[in-house]
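Visitor: Got a structure for you, questions after.
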Amino acid sequence: MAFTISFGGIDGTMLAVVGGKAANLGELTRAGLPVPQGFCVTTNAYRTVAQADAASGNARRTLLETAVPQEIRDAIVDGYRELGDGVPVAVRSSATAEDLPFASFAGQQDTFLNVVGEDEVVDAVRRCWASLWTDRAVSYREMNGIDHTTTYLAVVVQRMVQSAISGVMFTANPVTGTRDQIVIDASPGLGEAVVSGAVNPDHFVVDGGEITEKRLGDKKVVIRSLPGGGTEHVEVGENEEPCLTDGQIHALAVLGRKVQQHYGSPQDIEWAIDAGGDLHLTQARPITTLFPLPDNPDGTAHVYFCFSLAQGLERPITPMGRAAFREISKAAFEIVIGDPRSRSYVESGERIFFDVTKVLHSRVGREFVTRLLGVMEARSSEVLRGLFDDPRFAVRSSSPTPALKRVLRLARRFRVPVTVAKALVNPEKAVRTALLMEREVLERSAGLSIEQALRQCVVPMLPRLAPTALIGFVMLGLVGKVVQTKPGELQTVLRGLPNNITTEMDLAMWHLAQEIRHDPVALRQFHDGERPAALDRFLARWGHRAVAEIDLGLPRWSDDPAHVVGVVKNFLRLEGEQAHPDAVFARGAAEADAMIETLARRAWGRGWFVRFALRRTRLLAGLREYPKYLVITLFGTLRKRVAEMGAQFAADGRLGTADDVFFLNFEEMRSTQGDLRPLVAARREVYDREMRRRHIPRVLLSDGTEPEAAHHGVPAEGDLVGTPASAGTVTGVARVVMDPVGAYLEPGEILVAPSTDPGWTPLFLTAGGLVMEMGGANSHGAVVAREYGIPAVVGVREAVTRIRTGERITVDGSTGAVTTLGSPVEVS
């Protein structure tokens, strides 16, 4: 059994034996890159020492107190002697669950620098083993769903580079996602100052072959090696000169591109330059926070809009769910542009995107889509508008004629003018006609295959229904032109809308709660976990609905009523008639009627038109929810058909469980391939990984840039300004914490700290955002903040003195601005 392996004997297939860090260093050594000489103490050694106790609550103490067996000690000492007589080394942890596609494990286990002497090296290895069981490492694994009992630790022992300058380099911008940018943080001395966040480093960005950004840090702390072993933190005066020359920056960029080319993906690299000017590569691992890029066969610039997120769905969509939307999109593209094979439908990260590049190239298209999104998903509209001045997406078609011809053709084909006229003349009848479409969809789909039903019973139905709902909002807009209104008045007209299928469902759930409340038998059954008859009646009508219901692959309420039960329990806790949903709805409707009269009186001679228009708004606008409802109704019946096939496959041994069928697409479901279990297992692994992703871009460019994160707004006067470290904006209550030991954060509070090392990161689990006085965009705290999806700004001078606990602040992780909003409130 091998207890040590030299870097030259390690390749990327040996993860289980040497852990992530050592596997990467071995790969880089074999590739001829400038990695300092070293060896790895394998997981075999850890297993021998840890044995069964490693899974217990005493694992850390056991590892620290258990003597290192002689044969393991001898192997470590022999490896150390091969590096040189008493040579200083860095001893670093290398876990098997490390540098994974969804978790970097940045700094979660310990590193010991400038270790000198055989006994000292053996002791440092032992302390690395024990660091697998620190509170922060355990918490991090639990956060990422990693089984403790399957995680083992190897240890890297590597010749120490006595760095004149060192730091971290990302071969893609970790904040904006831009793949063409290399981001470098650098500081004098050992790299631990940059990695740990102990210093505000110099920050450089290389775009292509050009240095596009130089932002100098104060570099007030230098970590240096001590003679005989160990390190010291030295306070130095503020250095206003960059610590890297342009030549060194370009040399680092060249090295970074070589490492990325070797691995085929963007990398997070630690590097050092010694006193002689030689460049060394001390670590490389994948950047875990970048959103995957869609395929881009033509290599030109594209803009992708995230449909999943616009539908309120942050989670990935199952393979069956995406297969359903592929069929629906084919029908949409065939009707609208005459090409069912359009490449505008895109999938990435198990989510659905639409390529809107051609839309931005059209003056009419960009105006129509951004106005539409302004109503549906305003932030996405704002982000797309921010791309209007990008020359890559400049207008190529200014004429409205092609778009107008297409609209008129579709309006004539689907008799839209007739639908609109009927809705204006007799809105009550128009509503009745619309509501009959549910039965039509179900009856028509019954005679079609699943794919045919998706293509023929969704998009072709919408033009018959959407104009009826739309005319209600058109009437509302016309009133806004006729009458001078105050902010919020027109919105009041939309309160308590009738004919809203979603409101009807919500009130039905409320009435279910009241029926259970007033029936002692049903109430007892409900609290005992049984299903009262009232619940079954509700599910018979509404059981085809679900949370994240646009995903055909997810259970409906009839499959799993847990959500309904939870909502009903909350309703049963409500006290007071005024808080009851039906009372709230009735009050809203009364306020809307009163507002119609107010606006009609204000309109004087045009009051008749205001009443005419707004009463149609009231009757018709509620139908806005109905198109989606029809889709979900169809999904409910199709899901049953798919589930039946899944049950048969499971009975035949082709699938492990019936639900596994939702991890197939339609072609695979109908194929004659025998055992589908390996395919499903691979799909579930990817799906589970994407479930852990905490940040989804609204808009994504083909070079990886997230425009929402890349916009560089100008911080307002008086804002605190630092370095953007994790994109996003959050407003919340600040809590200044000087020491993580015993600290407590209420969920959503913004952590304000002088600096953070990995020992702080368990606090990130409940933090809404992060502000640090020290550190760069590539320090441990920033890396973990990005993994956890919380906005972060680092390098904010005097943050812990200028921000007070209880103060409301806004943290903009894209611009680096921290804005104070008001006086502190008392917090516990």
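Letters A, B, ... mark the chains of the structure tokens in the order given; residue numbers begin at 1 per chain; ligand numbers begin at 1, in order shown.
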Write out as a ChimeraX atom specification all residues of stretch 242-476 of chain A that backbone DSSP assigns to strand (DSSP E or B).

Guide: /A:267-274,279-286,303-306,345-348,351-355,362,397

Visitor: Can you write out the residues you just picked, keeping C-alpha atoms, as an mmCIF file, in the first residue's frame?

Guide:
data_model
loop_
_atom_site.group_PDB
_atom_site.id
_atom_site.type_symbol
_atom_site.label_atom_id
_atom_site.label_comp_id
_atom_site.auth_asym_id
_atom_site.auth_seq_id
_atom_site.Cartn_x
_atom_site.Cartn_y
_atom_site.Cartn_z
ATOM 1 C CA GLN A 267 -9.138 27.783 -13.833
ATOM 2 C CA ASP A 268 -8.514 29.342 -10.421
ATOM 3 C CA ILE A 269 -4.713 29.479 -10.108
ATOM 4 C CA GLU A 270 -2.349 30.300 -7.251
ATOM 5 C CA TRP A 271 1.093 31.493 -8.333
ATOM 6 C CA ALA A 272 4.311 32.956 -6.954
ATOM 7 C CA ILE A 273 7.301 34.874 -8.298
ATOM 8 C CA ASP A 274 10.538 34.314 -6.397
ATOM 9 C CA LEU A 279 7.280 32.239 -11.988
ATOM 10 C CA HIS A 280 5.892 29.208 -10.131
ATOM 11 C CA LEU A 281 2.488 27.533 -10.286
ATOM 12 C CA THR A 282 1.412 26.369 -6.822
ATOM 13 C CA GLN A 283 -2.197 25.342 -7.399
ATOM 14 C CA ALA A 284 -4.924 25.158 -10.043
ATOM 15 C CA ARG A 285 -8.537 24.131 -9.765
ATOM 16 C CA PRO A 286 -11.696 24.693 -11.812
ATOM 17 C CA VAL A 303 -27.552 37.078 -26.236
ATOM 18 C CA TYR A 304 -29.502 34.485 -24.280
ATOM 19 C CA PHE A 305 -32.546 35.304 -22.153
ATOM 20 C CA CYS A 306 -33.345 32.886 -19.317
ATOM 21 C CA TYR A 345 -34.467 27.689 -28.294
ATOM 22 C CA VAL A 346 -31.376 27.003 -26.145
ATOM 23 C CA GLU A 347 -30.630 24.873 -23.088
ATOM 24 C CA SER A 348 -27.788 25.384 -20.637
ATOM 25 C CA ARG A 351 -32.427 25.514 -17.795
ATOM 26 C CA ILE A 352 -34.240 27.021 -20.774
ATOM 27 C CA PHE A 353 -32.956 30.092 -22.588
ATOM 28 C CA PHE A 354 -34.006 31.873 -25.752
ATOM 29 C CA ASP A 355 -31.476 33.378 -28.130
ATOM 30 C CA SER A 362 -34.320 44.646 -35.047
ATOM 31 C CA SER A 397 -33.212 46.255 -39.450
#

Visitor: Excluding A:Pro678 and its own-chain neighbours fewer than 4 positions away, which residues fall within 10 Å of it when counting only C-alpha atoms? Please give them as a PyMOL selection string.

Guide: chain A and resi 654-656+682-684

Visitor: Store the residues of this selection in a file with N, CA, C and O atoms, as an mmCIF file, in the first residue's frame.

Guide:
data_model
loop_
_atom_site.group_PDB
_atom_site.id
_atom_site.type_symbol
_atom_site.label_atom_id
_atom_site.label_comp_id
_atom_site.auth_asym_id
_atom_site.auth_seq_id
_atom_site.Cartn_x
_atom_site.Cartn_y
_atom_site.Cartn_z
ATOM 1 N N ARG A 654 -36.319 -1.990 -16.616
ATOM 2 C CA ARG A 654 -35.573 -1.035 -17.444
ATOM 3 C C ARG A 654 -35.260 0.238 -16.677
ATOM 4 O O ARG A 654 -34.330 0.965 -17.024
ATOM 5 N N LEU A 655 -36.066 0.554 -15.662
ATOM 6 C CA LEU A 655 -35.850 1.711 -14.802
ATOM 7 C C LEU A 655 -35.864 1.260 -13.346
ATOM 8 O O LEU A 655 -36.526 0.267 -12.996
ATOM 9 N N GLY A 656 -35.166 2.016 -12.498
ATOM 10 C CA GLY A 656 -35.146 1.676 -11.083
ATOM 11 C C GLY A 656 -36.477 1.956 -10.412
ATOM 12 O O GLY A 656 -36.971 1.153 -9.617
ATOM 13 N N ALA A 682 -26.859 9.004 -14.635
ATOM 14 C CA ALA A 682 -26.008 10.118 -15.074
ATOM 15 C C ALA A 682 -26.798 11.420 -15.122
ATOM 16 O O ALA A 682 -26.299 12.483 -14.717
ATOM 17 N N ARG A 683 -28.040 11.358 -15.591
ATOM 18 C CA ARG A 683 -28.879 12.565 -15.660
ATOM 19 C C ARG A 683 -29.186 13.085 -14.254
ATOM 20 O O ARG A 683 -29.186 14.289 -14.015
ATOM 21 N N ARG A 684 -29.482 12.190 -13.342
ATOM 22 C CA ARG A 684 -29.794 12.624 -11.972
ATOM 23 C C ARG A 684 -28.584 13.285 -11.313
ATOM 24 O O ARG A 684 -28.729 14.237 -10.548
#

Visitor: Please produce, as JSON lines, a per-residue contact table for stretch 390-465 of chain A versus stretch 611-626 of chain A (criterion: any atom at most 12 Å away, only C-alpha atoms considered), showing the nearest atom pair and its distance in Å to one decimal, sorted by chain then residue number.

Guide:
{"residue": "A:Val420", "atom": "CA", "partner": "A:Leu620", "partner_atom": "CA", "distance": 10.9}
{"residue": "A:Lys422", "atom": "CA", "partner": "A:Arg616", "partner_atom": "CA", "distance": 11.7}
{"residue": "A:Ala423", "atom": "CA", "partner": "A:Leu620", "partner_atom": "CA", "distance": 7.9}
{"residue": "A:Leu424", "atom": "CA", "partner": "A:Arg616", "partner_atom": "CA", "distance": 7.2}
{"residue": "A:Val425", "atom": "CA", "partner": "A:Arg616", "partner_atom": "CA", "distance": 9.5}
{"residue": "A:Asn426", "atom": "CA", "partner": "A:Arg616", "partner_atom": "CA", "distance": 9.2}
{"residue": "A:Pro427", "atom": "CA", "partner": "A:Arg616", "partner_atom": "CA", "distance": 6.6}
{"residue": "A:Glu428", "atom": "CA", "partner": "A:Leu619", "partner_atom": "CA", "distance": 7.2}
{"residue": "A:Lys429", "atom": "CA", "partner": "A:Leu619", "partner_atom": "CA", "distance": 10.5}
{"residue": "A:Ala430", "atom": "CA", "partner": "A:Leu620", "partner_atom": "CA", "distance": 8.3}
{"residue": "A:Val431", "atom": "CA", "partner": "A:Leu620", "partner_atom": "CA", "distance": 7.0}
{"residue": "A:Arg432", "atom": "CA", "partner": "A:Leu620", "partner_atom": "CA", "distance": 10.7}
{"residue": "A:Thr433", "atom": "CA", "partner": "A:Leu623", "partner_atom": "CA", "distance": 11.5}
{"residue": "A:Ala434", "atom": "CA", "partner": "A:Leu623", "partner_atom": "CA", "distance": 8.3}
{"residue": "A:Leu435", "atom": "CA", "partner": "A:Tyr626", "partner_atom": "CA", "distance": 8.2}
{"residue": "A:Leu436", "atom": "CA", "partner": "A:Tyr626", "partner_atom": "CA", "distance": 11.1}
{"residue": "A:Met437", "atom": "CA", "partner": "A:Tyr626", "partner_atom": "CA", "distance": 9.6}
{"residue": "A:Glu438", "atom": "CA", "partner": "A:Tyr626", "partner_atom": "CA", "distance": 9.2}
{"residue": "A:Val458", "atom": "CA", "partner": "A:Tyr626", "partner_atom": "CA", "distance": 11.8}
{"residue": "A:Met461", "atom": "CA", "partner": "A:Tyr626", "partner_atom": "CA", "distance": 11.2}
{"residue": "A:Leu462", "atom": "CA", "partner": "A:Tyr626", "partner_atom": "CA", "distance": 9.6}
{"residue": "A:Arg464", "atom": "CA", "partner": "A:Tyr626", "partner_atom": "CA", "distance": 11.7}
{"residue": "A:Leu465", "atom": "CA", "partner": "A:Tyr626", "partner_atom": "CA", "distance": 8.2}

Visitor: I'd like the neighbourhood of A:Ser94 as a list in words, where a residue qualifies if any of its atoms comes within 6 Å (using only C-alpha atoms), though same-chain residues fewer than 2 positions away should be ignored.

Guide: Gly19, Gly20, Lys21, Leu153, Ala154 and Val155 of chain A

Visitor: Using the selection just defined, write its residues with N, CA and C atoms as a PDB file, in the first residue's frame.

Guide:
ATOM      1  N   GLY A  19      -6.618  13.050  -3.780  1.00  0.00           N
ATOM      2  CA  GLY A  19      -7.431  14.244  -3.580  1.00  0.00           C
ATOM      3  C   GLY A  19      -7.307  15.225  -4.724  1.00  0.00           C
ATOM      4  N   GLY A  20      -8.175  16.241  -4.698  1.00  0.00           N
ATOM      5  CA  GLY A  20      -8.259  17.176  -5.820  1.00  0.00           C
ATOM      6  C   GLY A  20      -7.016  18.005  -6.037  1.00  0.00           C
ATOM      7  N   LYS A  21      -6.470  18.579  -4.958  1.00  0.00           N
ATOM      8  CA  LYS A  21      -5.328  19.479  -5.119  1.00  0.00           C
ATOM      9  C   LYS A  21      -4.116  18.744  -5.675  1.00  0.00           C
ATOM     10  N   LEU A 153      -8.815  12.424   3.140  1.00  0.00           N
ATOM     11  CA  LEU A 153      -7.855  13.502   2.976  1.00  0.00           C
ATOM     12  C   LEU A 153      -6.472  12.967   2.614  1.00  0.00           C
ATOM     13  N   ALA A 154      -5.932  13.507   1.542  1.00  0.00           N
ATOM     14  CA  ALA A 154      -4.516  13.354   1.233  1.00  0.00           C
ATOM     15  C   ALA A 154      -3.836  14.667   1.603  1.00  0.00           C
ATOM     16  N   VAL A 155      -2.518  14.691   1.596  1.00  0.00           N
ATOM     17  CA  VAL A 155      -1.777  15.890   1.981  1.00  0.00           C
ATOM     18  C   VAL A 155      -0.655  16.128   0.976  1.00  0.00           C
TER      19      VAL A 155
END

Visitor: In terms of the shortest atom-to-atom distance over only C-alpha atoms, which of A:Val568, A:Ile337, A:Ala592, A:Leu700 is closest to A:Leu293?

Guide: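 That would be A:Leu700, the residue with the smallest distance to A:Leu293.
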
Visitor: List the spatial neighbours of A:Gly776 as a list in words - criterion: any atom at most 7 Å away, only C-alpha atoms, same-chain residues fewer than 4 positions off excluded.

Guide: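 My list of contacting residues is Asp185, Val194, Gly197, Asn200, Pro201, Thr723, Val794 and Gly795 of chain A.
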
Visitor: Taking the DSSP secondary structure from the backbone, can you list the residues of stretch 307-493 of chain A that are helix (DSSP H, G or I), as a count of residues only?

Guide: 130
